[in-house]
Every structure is written in C-alpha cells, then in structure tokens.
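Below: the structure, in structure tokens.
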Amino acid sequence: MKYFLKRAGFMALTLFAACALTFFLMNVIPGSTAELIIKHTFVGLEESVTEEQINQISNRYNLDDPLYLQFFRWVKEAVLRGDIGTSYVFKKPVLYLLALRLPATIQLAGASMVLSVLVGVSLGIYSALRENRISDHILRIATLFGVSMPGFWVALLLILIFSLKLKLVPVSGYGSLENLILPAAALSLHSVAAVMRVTRTSMLETLGQEYIRFAKAKGLPVWKIISRHALKNAMLPVITVIGFQMGSLLGGAVVIEKIFAWPGIGSLLVDSISARDLPMVQGCVLAIVTMFLLVHFFVDMLYTHLDPRIRYG
C-alpha cells in the first residue's frame, strides 16, 4: 500500500505536468485561437473572420484571461467536478467524445501489442536458438529495418502493396477485421523489432547459465527447457521493453490513425490541434498519458509475479 500510494502521487504529478505543458505550448503557437475556432466551426478555412466574431468567441470562452487563470480554472473543474471541459468545435463534453473514440484506439493498440509480443518473442527465441546461422543473420537485418523505418512510411508502403496493388484489404476504414490488419501491422513493426532484439539477447544470456546446461545434461527436451526454465527468467527485460513499446504504440497511433482514417483518440487529437480546440487537446493528452502510466504500473506489478525476489515497499 505504501508503494501504491507513492506511485499514485507520482502519476498525479505526471498528469498535472503533462496537462500544464500541453496547455501553455498550445497557447504560444502563432495565430489567434478565437480565429481558428471560428474558421473550423462557422465560416470555413478560406473565409475571412471579422473582429466582432473574434471578440464574441473570446468572451464566450474567456480567452482574454491570463493563461495561468485559464489553466487553474480548468484544473479546478477537473479535480472538483470531474469536468475537463466542452469542445469548442464539437460543442459536446470532452469526456463524452473521448468515450466514443477510446474503444477504437484501445482496439488498435491492443491488436498491435498482441502482434508485437507473439511475433517478437517467437522470432527472438528462434533467433537465439539459431545463433550465428543464416536465419539468425536474416532476422537481425530485418529487425534493423523494422527499428529504422518511420511508421508513416511503412503505413504508406503497406497501402501501396496490399491495398492498391494486390487489393487484399481496404485502404482505410473501421468496423471489420480487414480494416484492422494494415493499421495494426504498420503500428507494430517497430515494436516487433524491438521486442525481438531484446528477447534474443536475454535468451542467449539465459541459455548460457549453468542450470540450463544441467537441464540439457538431464536429457530434457528443448521445448521443455525453453518453456519451463529459460523463458520465464529471460522475460524480465522483455516485459520492460513491452511496457515502453505500449507507450510508443499509443503515441504512434496518432499518425497511423490519421493515415488509415481510424476513428480513435489519435486522429481526434490531430484534428483538435488544427482547430486549436484546447479542451479537446487537453482531454486527448490526459487520456494518452493516463493509459501510458497505467501500463507501466501493470508492468511493475508483473515483475513480482515473474521474479518473487522483487518486492515493493
């Protein structure tokens, strides 16, 4: 309980810092917030905005108040009432809009994470067992490619090959398994490579231990040595990387969702930044950071299951 309370305080401080940084950075971007709101809501991007319209929107949302006053007013409403604001553009509560978009983001990030773990761990074990052979060298080169390539470029390449050329899956959309394949593959490529590299390194170190040699001398099958003895002890660094990669997936989903027209928090965040919809941006950042922190907390708790020697206090 002592560790939990300490960790909860750290998470609350992190959330406050992330929201404060987001708020002040959004307000130092060049351009009038009121003018951008009007163009995205009322008159269109190409039309001119009058001074009267700007004053009206500024008064409605108190945009002329000092920044510190606007921010602490938002914090007060969020802490005391659980209200993180109403979207300037959509005219609906931010929590309501997040609840609509959150399942799509969790679905995409979850599918990508499952793909990363299954493929990355499997290839890492195989590469460790085939150390310095041709297949091992090929996989290591492939992981270098996966780590180096930017996600948006991989997404466009997958669309070109599997959608436009081979016509196997849709270019974009949401609602079916076919729509999920390309976004999940593009989002998980970097994570697959990272998980595989760490799994290979950790497995090689574990397979060199004396108890593994003793298990081989006893005549145990290779699959039993791997599953019962080597894998569990090799998973601690892999679990750490998986936790960080889950955070990367939530951040990378911002670009991938926009490319594939995936209706998640990432695409909502991009649209809200363009419209200078401050409450919506705050809500999206709050949701992403919260999910990131919860994943890391779960990873820390998982350590005690994998290694009973680890205790928190």
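Letters A, B, ... go to the chains of the structure tokens in the order shown; residues in each chain start at 1; ligands are counted from 1 in the same order.
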
Contacts of stretch 232-260 of chain A with stretch 201-219 of chain A up to 9 Å, shortest pair per row, only C-alpha atoms, as CSV:
```
residue,atom,partner,partner_atom,distance
A:Asn233,CA,A:Thr206,CA,7.1
A:Ala234,CA,A:Ser202,CA,5.3
A:Met235,CA,A:Ser202,CA,7.6
A:Leu236,CA,A:Ser202,CA,8.7
A:Pro237,CA,A:Ser202,CA,7.2
A:Val238,CA,A:Ser202,CA,7.7
```

**Message:** Env of stretch 183-195 of chain A: 6 Å cut, atoms = only C-alpha atoms, seq-sep filter 4 positions within chain, self excluded. Answer as a VMD selection string.
**Reply:** chain A and resid 112 116 120 143 146 to 147 154 to 155 199 245

Could the residues in this selection be written to a file with all heavy atoms, as a short mmCIF file (atom, residue, chain, number, x, y, z; two decimals), in the first residue's frame?
```
data_model
loop_
_atom_site.label_atom_id
_atom_site.label_comp_id
_atom_site.auth_asym_id
_atom_site.auth_seq_id
_atom_site.Cartn_x
_atom_site.Cartn_y
_atom_site.Cartn_z
N SER A 112 -2.05 -4.35 -32.01
CA SER A 112 -0.64 -4.14 -32.32
C SER A 112 0.26 -4.73 -31.24
O SER A 112 1.31 -5.31 -31.54
CB SER A 112 -0.34 -2.64 -32.48
OG SER A 112 -1.15 -2.08 -33.49
N SER A 116 2.92 -7.66 -31.61
CA SER A 116 4.31 -7.41 -31.25
C SER A 116 4.86 -8.49 -30.32
O SER A 116 5.98 -8.97 -30.50
CB SER A 116 4.43 -6.04 -30.57
OG SER A 116 3.97 -5.01 -31.41
N GLY A 120 7.34 -10.95 -31.97
CA GLY A 120 8.64 -10.55 -31.46
C GLY A 120 9.28 -11.59 -30.57
O GLY A 120 10.46 -11.94 -30.73
N THR A 143 15.26 -6.91 -38.25
CA THR A 143 14.96 -6.07 -37.08
C THR A 143 15.57 -4.68 -37.23
O THR A 143 14.98 -3.69 -36.80
CB THR A 143 15.49 -6.72 -35.79
OG1 THR A 143 16.90 -6.92 -35.90
CG2 THR A 143 14.82 -8.04 -35.54
N GLY A 146 13.20 -2.85 -39.31
CA GLY A 146 11.98 -2.52 -38.59
C GLY A 146 12.16 -1.37 -37.61
O GLY A 146 11.29 -0.52 -37.45
N VAL A 147 13.32 -1.32 -36.94
CA VAL A 147 13.58 -0.25 -35.98
C VAL A 147 13.83 1.07 -36.68
O VAL A 147 13.48 2.14 -36.17
CB VAL A 147 14.78 -0.64 -35.08
CG1 VAL A 147 15.22 0.54 -34.24
CG2 VAL A 147 14.43 -1.82 -34.20
N VAL A 154 6.06 3.23 -43.48
CA VAL A 154 5.64 1.82 -43.53
C VAL A 154 4.16 1.73 -43.84
O VAL A 154 3.72 0.88 -44.62
CB VAL A 154 5.95 1.13 -42.18
CG1 VAL A 154 5.36 -0.28 -42.15
CG2 VAL A 154 7.46 1.06 -41.96
N ALA A 155 3.36 2.61 -43.24
CA ALA A 155 1.91 2.60 -43.48
C ALA A 155 1.60 2.85 -44.95
O ALA A 155 0.78 2.15 -45.56
CB ALA A 155 1.24 3.65 -42.60
N THR A 199 14.49 -9.95 -26.73
CA THR A 199 14.25 -11.36 -26.43
C THR A 199 15.45 -12.22 -26.83
O THR A 199 15.87 -13.11 -26.07
CB THR A 199 13.00 -11.86 -27.17
OG1 THR A 199 11.88 -11.05 -26.80
CG2 THR A 199 12.71 -13.31 -26.82
N GLN A 245 7.09 -0.08 -25.20
CA GLN A 245 6.54 -0.14 -26.55
C GLN A 245 5.04 0.14 -26.55
O GLN A 245 4.51 0.70 -27.50
CB GLN A 245 6.82 -1.50 -27.19
CG GLN A 245 8.27 -1.75 -27.52
CD GLN A 245 8.84 -0.68 -28.44
OE1 GLN A 245 8.22 -0.31 -29.44
NE2 GLN A 245 10.02 -0.19 -28.12
#
```

**Message:** I need the residues in stretch 149-303 of chain A that are alpha helix (DSSP H) according to DSSP; give them as number ranges by chain.
**Reply:** A: 151-158, 177-207, 210-217, 222-224, 231-259, 265-274, 278-303

**Request:** List the neighbours of stretch 77-82 of chain A out to 12 Å using only C-alpha atoms; skip same-chain residues closer than 2 positions along the sequence, and give me the result as an MDAnalysis selection string.
**Result:** chainID A and resid 12 15:16 19 70:75 84:86 93:95 279 282:283 286

Save out the residues we just selected, C-alpha atoms, as a short mmCIF file (atom, residue, chain, number, x, y, z; two decimals), in the first residue's frame.
```cif
data_model
loop_
_atom_site.label_atom_id
_atom_site.label_comp_id
_atom_site.auth_asym_id
_atom_site.auth_seq_id
_atom_site.Cartn_x
_atom_site.Cartn_y
_atom_site.Cartn_z
CA ALA A 12 -0.92 12.51 -10.42
CA LEU A 15 -0.58 14.08 -15.30
CA PHE A 16 -0.52 17.64 -13.96
CA CYS A 19 -1.52 18.94 -18.94
CA GLN A 70 -7.45 29.81 -17.60
CA PHE A 71 -5.34 26.79 -16.67
CA PHE A 72 -6.14 26.75 -12.97
CA ARG A 73 -9.82 27.25 -13.75
CA TRP A 74 -9.60 24.10 -15.90
CA VAL A 75 -7.74 22.21 -13.13
CA ILE A 84 -12.43 18.51 -18.25
CA GLY A 85 -14.32 20.92 -20.45
CA THR A 86 -16.51 21.16 -23.52
CA PRO A 93 -18.35 17.37 -23.35
CA VAL A 94 -14.78 16.20 -23.83
CA LEU A 95 -15.38 13.07 -21.73
CA PRO A 279 -10.22 21.41 -24.05
CA GLN A 282 -6.14 18.57 -23.09
CA GLY A 283 -8.54 15.64 -22.87
CA LEU A 286 -4.78 13.32 -20.49
#
```

**Request:** Tell me, in Å to one decimal, how far atom CA of A:Lys6 is from atom CA of A:Met246.
**Result:**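 These atoms are spaced 22.8 Å apart.
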